[in-house]
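Undergrad: My structure is stored as protein_9.pdb, with PDB, C-alpha atoms.
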ATOM      1  CA  MET A 136     120.188  64.926 103.076
ATOM      2  CA  GLN A 137     122.525  65.421 106.052
ATOM      3  CA  LYS A 138     123.812  68.707 104.596
ATOM      4  CA  SER A 139     120.241  69.969 104.215
ATOM      5  CA  LEU A 140     119.471  69.060 107.809
ATOM      6  CA  ASN A 141     122.648  70.776 108.998
ATOM      7  CA  LYS A 142     121.723  73.890 107.008
ATOM      8  CA  PHE A 143     118.268  73.961 108.573
ATOM      9  CA  ILE A 144     119.625  73.409 112.107
ATOM     10  CA  LEU A 145     122.203  76.174 111.624
ATOM     11  CA  PHE A 146     119.430  78.487 110.445
ATOM     12  CA  LEU A 147     117.167  77.616 113.406
ATOM     13  CA  VAL A 148     119.927  78.009 115.997
ATOM     14  CA  THR A 149     121.038  81.343 114.551
ATOM     15  CA  VAL A 150     117.466  82.657 114.454
ATOM     16  CA  ALA A 151     116.739  81.387 117.980
ATOM     17  CA  VAL A 152     119.843  83.076 119.421
ATOM     18  CA  LEU A 153     119.160  86.363 117.628
ATOM     19  CA  VAL A 154     115.463  86.438 118.571
ATOM     20  CA  GLY A 155     116.436  85.542 122.132
ATOM     21  CA  VAL A 156     118.875  88.460 122.319
ATOM     22  CA  ASP A 157     116.262  90.753 120.789
ATOM     23  CA  GLN A 158     113.490  89.767 123.200
ATOM     24  CA  TRP A 159     115.834  89.846 126.212
ATOM     25  CA  SER A 160     117.094  93.331 125.287
ATOM     26  CA  LYS A 161     113.534  94.608 124.862
ATOM     27  CA  TYR A 162     112.531  93.113 128.214
ATOM     28  CA  GLU A 163     115.496  94.825 129.853
ATOM     29  CA  ALA A 164     114.553  98.114 128.180
ATOM     30  CA  MET A 165     110.960  97.845 129.399
ATOM     31  CA  THR A 166     111.870  96.951 132.977
ATOM     32  CA  LYS A 167     114.937  99.144 133.472
ATOM     33  CA  LEU A 168     114.197 102.164 131.296
ATOM     34  CA  GLY A 169     110.410 102.271 131.389
ATOM     35  CA  ARG A 170     109.141 105.775 130.959
ATOM     36  CA  SER A 171     112.290 107.452 132.286
ATOM     37  CA  ASP A 172     114.496 109.922 130.439
ATOM     38  CA  ALA A 173     117.202 108.817 128.045
ATOM     39  CA  TYR A 174     120.166 107.064 129.643
ATOM     40  CA  PRO A 175     123.496 108.110 128.059
ATOM     41  CA  LEU A 176     125.896 105.325 127.177
ATOM     42  CA  ILE A 177     128.219 107.753 125.399
ATOM     43  CA  LYS A 178     127.173 111.331 126.117
ATOM     44  CA  ASN A 179     125.944 113.203 123.022
ATOM     45  CA  VAL A 180     126.387 110.052 120.925
ATOM     46  CA  LEU A 181     124.566 106.900 122.053
ATOM     47  CA  TYR A 182     121.612 106.601 124.446
ATOM     48  CA  PHE A 183     119.205 104.013 125.762
ATOM     49  CA  TRP A 184     115.804 105.647 125.420
ATOM     50  CA  TYR A 185     112.593 103.644 125.742
ATOM     51  CA  SER A 186     110.000 104.089 123.018
ATOM     52  CA  GLU A 187     106.868 102.258 121.865
ATOM     53  CA  ASN A 188     106.489 102.254 118.080
ATOM     54  CA  ALA A 189     103.132 101.168 116.633
ATOM     55  CA  GLY A 190     104.369 101.973 113.123
ATOM     56  CA  ALA A 191     107.296 101.140 110.882
ATOM     57  CA  ALA A 192     110.733 102.665 110.516
ATOM     58  CA  PHE A 193     110.816 106.393 111.259
ATOM     59  CA  GLY A 194     107.357 106.076 112.836
ATOM     60  CA  ILE A 195     105.502 105.862 109.520
ATOM     61  CA  LEU A 196     102.260 103.886 109.110
ATOM     62  CA  GLN A 197     101.275 104.167 112.784
ATOM     63  CA  GLY A 198      98.630 101.661 113.840
ATOM     64  CA  LYS A 199      98.559  99.674 110.576
ATOM     65  CA  HIS A 200      98.769  96.333 112.416
ATOM     66  CA  ILE A 201      97.106  94.126 109.792
ATOM     67  CA  PHE A 202      99.410  95.519 107.103
ATOM     68  CA  PHE A 203     102.496  94.691 109.217
ATOM     69  CA  PHE A 204     101.210  91.193 110.000
ATOM     70  CA  ILE A 205     100.664  90.419 106.324
ATOM     71  CA  ILE A 206     103.991  91.862 105.168
ATOM     72  CA  THR A 207     105.920  90.059 107.921
ATOM     73  CA  VAL A 208     104.289  86.695 107.220
ATOM     74  CA  VAL A 209     105.017  87.076 103.486
ATOM     75  CA  VAL A 210     108.675  87.942 104.206
ATOM     76  CA  LEU A 211     109.085  85.036 106.645
ATOM     77  CA  ILE A 212     107.524  82.553 104.213
ATOM     78  CA  GLY A 213     109.661  83.923 101.372
ATOM     79  CA  ILE A 214     112.857  83.471 103.384
ATOM     80  CA  LEU A 215     111.854  79.927 104.370
ATOM     81  CA  TYR A 216     111.108  79.104 100.734
ATOM     82  CA  LEU A 217     114.525  80.352  99.646
ATOM     83  CA  LEU A 218     116.151  78.510 102.547
ATOM     84  CA  PHE A 219     114.750  75.205 101.308
ATOM     85  CA  LYS A 220     115.850  76.002  97.753
ATOM     86  CA  LEU A 221     119.331  77.168  98.821
ATOM     87  CA  PRO A 222     122.057  74.624  97.973
ATOM     88  CA  SER A 223     123.662  73.112 101.076
ATOM     89  CA  ASP A 224     127.299  73.636 100.150
ATOM     90  CA  ARG A 225     129.517  76.045 102.104
ATOM     91  CA  HIS A 226     129.639  78.529  99.246
ATOM     92  CA  PHE A 227     126.089  79.592 100.113
ATOM     93  CA  LEU A 228     126.598  80.006 103.880
ATOM     94  CA  PRO A 229     126.767  83.817 103.563
ATOM     95  CA  LEU A 230     123.278  83.801 102.010
ATOM     96  CA  LEU A 231     122.057  81.539 104.804
ATOM     97  CA  PHE A 232     123.475  83.961 107.374
ATOM     98  CA  CYS A 233     121.875  86.981 105.661
ATOM     99  CA  GLY A 234     118.533  85.184 105.571
ATOM    100  CA  SER A 235     118.905  84.251 109.244
ATOM    101  CA  LEU A 236     119.551  87.874 110.229
ATOM    102  CA  ILE A 237     116.597  89.222 108.251
ATOM    103  CA  PHE A 238     114.285  86.413 109.431
ATOM    104  CA  ALA A 239     115.265  86.877 113.092
ATOM    105  CA  GLY A 240     114.811  90.647 112.947
ATOM    106  CA  ALA A 241     111.428  90.374 111.267
ATOM    107  CA  LEU A 242     110.339  87.687 113.728
ATOM    108  CA  GLY A 243     111.564  89.671 116.757
ATOM    109  CA  ASN A 244     109.511  92.722 115.823
ATOM    110  CA  PHE A 245     106.572  90.511 114.792
ATOM    111  CA  ILE A 246     106.530  88.984 118.286
ATOM    112  CA  ASP A 247     106.300  92.496 119.750
ATOM    113  CA  ARG A 248     103.437  93.439 117.437
ATOM    114  CA  VAL A 249     101.486  90.283 118.316
ATOM    115  CA  ILE A 250     102.059  90.502 122.089
ATOM    116  CA  ARG A 251     101.984  94.279 122.652
ATOM    117  CA  ASN A 252     100.561  95.890 119.462
ATOM    118  CA  TYR A 253     103.766  97.947 119.262
ATOM    119  CA  VAL A 254     107.505  97.409 118.891
ATOM    120  CA  VAL A 255     109.837  98.244 121.771
ATOM    121  CA  ASP A 256     112.647 100.531 120.612
ATOM    122  CA  PHE A 257     115.424 101.735 122.899
ATOM    123  CA  ILE A 258     118.648 102.621 121.037
ATOM    124  CA  TYR A 259     119.139 106.246 120.034
ATOM    125  CA  PHE A 260     122.069 107.583 117.995
ATOM    126  CA  LYS A 261     122.135 111.318 118.641
ATOM    127  CA  PRO A 262     124.749 112.755 116.215
ATOM    128  CA  ILE A 263     122.405 112.334 113.248
ATOM    129  CA  ASN A 264     119.182 112.367 115.291
ATOM    130  CA  PHE A 265     118.430 108.876 114.001
ATOM    131  CA  PRO A 266     115.042 107.431 115.033
ATOM    132  CA  ILE A 267     115.087 105.152 118.071
ATOM    133  CA  PHE A 268     115.575 101.504 117.066
ATOM    134  CA  ASN A 269     116.198  98.028 118.531
ATOM    135  CA  PHE A 270     118.275  94.876 118.089
ATOM    136  CA  ALA A 271     115.787  93.351 115.601
ATOM    137  CA  ASP A 272     116.104  96.459 113.423
ATOM    138  CA  ILE A 273     119.882  96.037 113.495
ATOM    139  CA  CYS A 274     119.503  92.400 112.376
ATOM    140  CA  VAL A 275     117.274  93.341 109.430
ATOM    141  CA  THR A 276     119.507  96.240 108.398
ATOM    142  CA  VAL A 277     122.794  94.331 108.667
ATOM    143  CA  GLY A 278     121.293  91.252 106.987
ATOM    144  CA  THR A 279     119.956  93.319 104.098
ATOM    145  CA  PHE A 280     123.237  95.215 103.693
ATOM    146  CA  LEU A 281     125.282  91.991 103.714
ATOM    147  CA  LEU A 282     122.845  90.405 101.262
ATOM    148  CA  PHE A 283     123.313  93.358  98.940
ATOM    149  CA  LEU A 284     127.113  93.006  99.175
ATOM    150  CA  CYS A 285     126.905  89.266  98.522
ATOM    151  CA  LEU A 286     124.697  89.719  95.484
ATOM    152  CA  ILE A 287     126.972  92.408  94.055
ATOM    153  CA  PHE A 288     130.428  91.054  94.898
ATOM    154  CA  VAL A 289     130.293  87.355  95.827
ATOM    155  CA  TYR A 290     127.825  85.485  93.658
ATOM    156  CA  LYS A 291     127.596  85.299  89.891
ATOM    157  CA  GLU A 292     124.147  85.507  88.352
ATOM    158  CA  ASN A 293     124.092  81.846  87.247
ATOM    159  CA  GLU A 294     124.904  80.703  90.824
ATOM    160  CA  LEU A 295     121.682  82.227  92.088
ATOM    161  CA  GLU A 296     119.323  80.346  89.815
ATOM    162  CA  PHE A 297     118.772  77.643  92.465
ATOM    163  CA  TYR A 298     115.356  79.137  93.295
ATOM    164  CA  LYS A 299     114.054  78.366  89.792
ATOM    165  CA  LYS A 300     114.516  74.600  90.174
TER     166      LYS A 300
END
Kindly transcribe the structure held in the file into structure tokens.
TA:
Amino acid sequence: MQKSLNKFILFLVTVAVLVGVDQWSKYEAMTKLGRSDAYPLIKNVLYFWYSENAGAAFGILQGKHIFFFIITVVVLIGILYLLFKLPSDRHFLPLLFCGSLIFAGALGNFIDRVIRNYVVDFIYFKPINFPIFNFADICVTVGTFLLFLCLIFVYKENELEFYKK
């Protein structure tokens, strides 16, 4: 029981810190960048550039708020379900961390959609003309990538059958 509680507390603290960083960075972007031109951090490479995105990645599905609400709630509930099913031993900490990253990123952007009806983006990577993104997007992307690596290289198939119990 204590291990389960520790797992849940670790998850909550990680998510709270990540969502806090996300919301703080978006607040800073709104107040300091506003509608101004891009601010170069590394000229011709990395910029802070304020943008309001009412869609998904790459600006697709603009204005589909109900769709995003439903998808986000389903993802958050799914991660919580798996969290409760996840064994509490240290071997599964990488999965807990991946889930925390994805949950925090989804929640950070969900907060924006609920409060503002758009997501605040402000990081622009110029060399590949990548769409403007934010800290929550980084959390989801890194969490998903690490999850993929864990599922391919760390865990055997029979170790992941905890969700069936």
Undergrad: Report the distance between atom CA of A:Phe245 and atom CA of A:Ser139 in Å, rounded to one decimal place.
TA: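 One can read the atom CA of A:Phe245 to atom CA of A:Ser139 distance as 26.8 Å.
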Undergrad: With the cut-off set at 6 Å and counting only C-alpha atoms, tabulate each residue of stretch 232-266 of chain A with an atom at most that distance from an atom of stretch 149-167 of chain A, showing the nearest atom pair and its distance in Å to one decimal, ordered by chain and increasing number, as CSV.
TA:
residue,atom,partner,partner_atom,distance
A:Ser235,CA,A:Val150,CA,5.6
A:Ala239,CA,A:Val150,CA,5.0
A:Gly243,CA,A:Val154,CA,5.4
Undergrad: Just how far from atom CA of A:Leu211 is atom CA of A:Glu187, in Å to one decimal?
TA: 23.1 Å
Undergrad: I'd like the box whose edges run along x, y and z of the file and which contains every listed atom of stretch 180-183 of chain A, padded by 3 Å per side; could you state its centre and edge lengths in Å, one decimal, as AutoDock Vina command-line options?
TA:
--center_x 122.8 --center_y 107.0 --center_z 123.3 --size_x 13.2 --size_y 12.0 --size_z 10.8
Undergrad: What's the separation between atom CA of A:Leu181 and atom CA of A:Tyr259, in Å to one decimal place?
TA: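 Straight-line distance from atom CA of A:Leu181 to atom CA of A:Tyr259 works out to 5.8 Å.
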Undergrad: What does the PyMOL selection byres ((chain A and resi 186) around 8) select in this file, as a list of chain:residue names?
TA: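 What the PyMOL selection byres ((chain A and resi 186) around 8) grabs from the file is A:Trp184, A:Tyr185, A:Glu187, A:Asn188, A:Val255, A:Asp256, A:Phe257, A:Ile267.
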Undergrad: Name all residues at most 12 Å from A:Asn264 (count all atoms listed in the file; drop same-chain ones fewer than 2 positions away) and give them as an mmCIF file with C-alpha atoms, in the frame of the given file.
TA:
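Output contents, as saved in selection-v7.cif:
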data_model
loop_
_atom_site.group_PDB
_atom_site.id
_atom_site.type_symbol
_atom_site.label_atom_id
_atom_site.label_comp_id
_atom_site.auth_asym_id
_atom_site.auth_seq_id
_atom_site.Cartn_x
_atom_site.Cartn_y
_atom_site.Cartn_z
ATOM 1 C CA ASN A 179 125.944 113.203 123.022
ATOM 2 C CA VAL A 180 126.387 110.052 120.925
ATOM 3 C CA LEU A 181 124.566 106.900 122.053
ATOM 4 C CA TYR A 182 121.612 106.601 124.446
ATOM 5 C CA PHE A 193 110.816 106.393 111.259
ATOM 6 C CA ILE A 258 118.648 102.621 121.037
ATOM 7 C CA TYR A 259 119.139 106.246 120.034
ATOM 8 C CA PHE A 260 122.069 107.583 117.995
ATOM 9 C CA LYS A 261 122.135 111.318 118.641
ATOM 10 C CA PRO A 262 124.749 112.755 116.215
ATOM 11 C CA PRO A 266 115.042 107.431 115.033
ATOM 12 C CA ILE A 267 115.087 105.152 118.071
ATOM 13 C CA PHE A 268 115.575 101.504 117.066
#
Undergrad: So, counting only C-alpha atoms, which residue among A:Gly240, A:Leu284, A:Leu168, A:Pro175 is closest to A:Asp272?
TA: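 Of A:Gly240, A:Leu284, A:Leu168, A:Pro175, the one nearest A:Asp272, counting only C-alpha atoms, is A:Gly240.
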Undergrad: Using all atoms listed in the file, which residues of stretch 197-256 of chain A come within 10 Å of stretch 140-147 of chain A, and what is the closest atom pair for each, with the distance in Å to one decimal? Give it as a tab-separated table, sorted by chain and residue number.
TA:
residue	atom	partner	partner_atom	distance
A:Leu215	CA	A:Phe143	CA	9.7
A:Leu218	CA	A:Phe143	CA	7.8
A:Phe219	CA	A:Phe143	CA	8.2
A:Leu221	CA	A:Lys142	CA	9.1
A:Pro222	CA	A:Lys142	CA	9.1
A:Ser223	CA	A:Lys142	CA	6.3
A:Asp224	CA	A:Lys142	CA	8.8
A:Arg225	CA	A:Lys142	CA	9.5
A:Phe227	CA	A:Lys142	CA	10.0
A:Leu228	CA	A:Lys142	CA	8.4
A:Leu231	CA	A:Phe146	CA	6.9
A:Phe232	CA	A:Phe146	CA	7.5
A:Gly234	CA	A:Phe146	CA	8.3
A:Ser235	CA	A:Phe146	CA	5.9
A:Leu236	CA	A:Phe146	CA	9.4
A:Phe238	CA	A:Phe146	CA	9.5
A:Ala239	CA	A:Leu147	CA	9.5
Undergrad: Is it possible to produce a file of stretch 265-281 of chain A from this structure, with N, CA, C and O atoms, as a short mmCIF file (atom, residue, chain, number, x, y, z; two decimals), in the first residue's frame?
TA:
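Listing of selection28.cif after writing:
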data_model
loop_
_atom_site.label_atom_id
_atom_site.label_comp_id
_atom_site.auth_asym_id
_atom_site.auth_seq_id
_atom_site.Cartn_x
_atom_site.Cartn_y
_atom_site.Cartn_z
N PHE A 265 10.23 24.63 -38.20
CA PHE A 265 9.30 23.84 -37.41
C PHE A 265 8.21 24.73 -36.84
O PHE A 265 8.48 25.86 -36.44
N PRO A 266 6.96 24.26 -36.79
CA PRO A 266 5.89 25.08 -36.23
C PRO A 266 6.21 25.52 -34.80
O PRO A 266 6.88 24.81 -34.04
N ILE A 267 5.70 26.66 -34.42
CA ILE A 267 5.92 27.20 -33.07
C ILE A 267 5.25 26.26 -32.06
O ILE A 267 4.15 25.77 -32.29
N PHE A 268 5.95 26.01 -30.95
CA PHE A 268 5.46 25.06 -29.95
C PHE A 268 5.70 25.60 -28.55
O PHE A 268 6.12 26.75 -28.38
N ASN A 269 5.41 24.79 -27.52
CA ASN A 269 5.55 25.23 -26.13
C ASN A 269 6.10 24.12 -25.26
O ASN A 269 6.37 23.01 -25.75
N PHE A 270 6.24 24.40 -23.97
CA PHE A 270 6.82 23.42 -23.04
C PHE A 270 5.93 22.18 -22.93
O PHE A 270 6.44 21.05 -22.84
N ALA A 271 4.62 22.33 -22.92
CA ALA A 271 3.71 21.19 -22.84
C ALA A 271 3.90 20.26 -24.05
O ALA A 271 3.89 19.04 -23.90
N ASP A 272 4.09 20.84 -25.22
CA ASP A 272 4.34 20.04 -26.42
C ASP A 272 5.63 19.24 -26.27
O ASP A 272 5.71 18.08 -26.70
N ILE A 273 6.64 19.85 -25.67
CA ILE A 273 7.91 19.16 -25.43
C ILE A 273 7.68 17.98 -24.49
O ILE A 273 8.20 16.88 -24.72
N CYS A 274 6.89 18.19 -23.43
CA CYS A 274 6.60 17.11 -22.49
C CYS A 274 5.92 15.93 -23.18
O CYS A 274 6.32 14.77 -23.00
N VAL A 275 4.90 16.21 -23.99
CA VAL A 275 4.19 15.13 -24.69
C VAL A 275 5.13 14.42 -25.66
O VAL A 275 5.16 13.18 -25.71
N THR A 276 5.90 15.17 -26.40
CA THR A 276 6.80 14.57 -27.40
C THR A 276 7.88 13.73 -26.74
O THR A 276 8.12 12.59 -27.14
N VAL A 277 8.55 14.28 -25.73
CA VAL A 277 9.61 13.54 -25.04
C VAL A 277 9.03 12.32 -24.32
O VAL A 277 9.60 11.22 -24.38
N GLY A 278 7.89 12.49 -23.66
CA GLY A 278 7.25 11.37 -22.97
C GLY A 278 6.87 10.25 -23.92
O GLY A 278 7.09 9.07 -23.63
N THR A 279 6.34 10.60 -25.07
CA THR A 279 5.95 9.60 -26.07
C THR A 279 7.18 8.91 -26.65
O THR A 279 7.20 7.68 -26.81
N PHE A 280 8.22 9.67 -26.94
CA PHE A 280 9.46 9.09 -27.48
C PHE A 280 10.09 8.14 -26.46
O PHE A 280 10.50 7.02 -26.80
N LEU A 281 10.18 8.56 -25.20
CA LEU A 281 10.75 7.70 -24.17
C LEU A 281 9.89 6.46 -23.94
O LEU A 281 10.42 5.36 -23.73
#
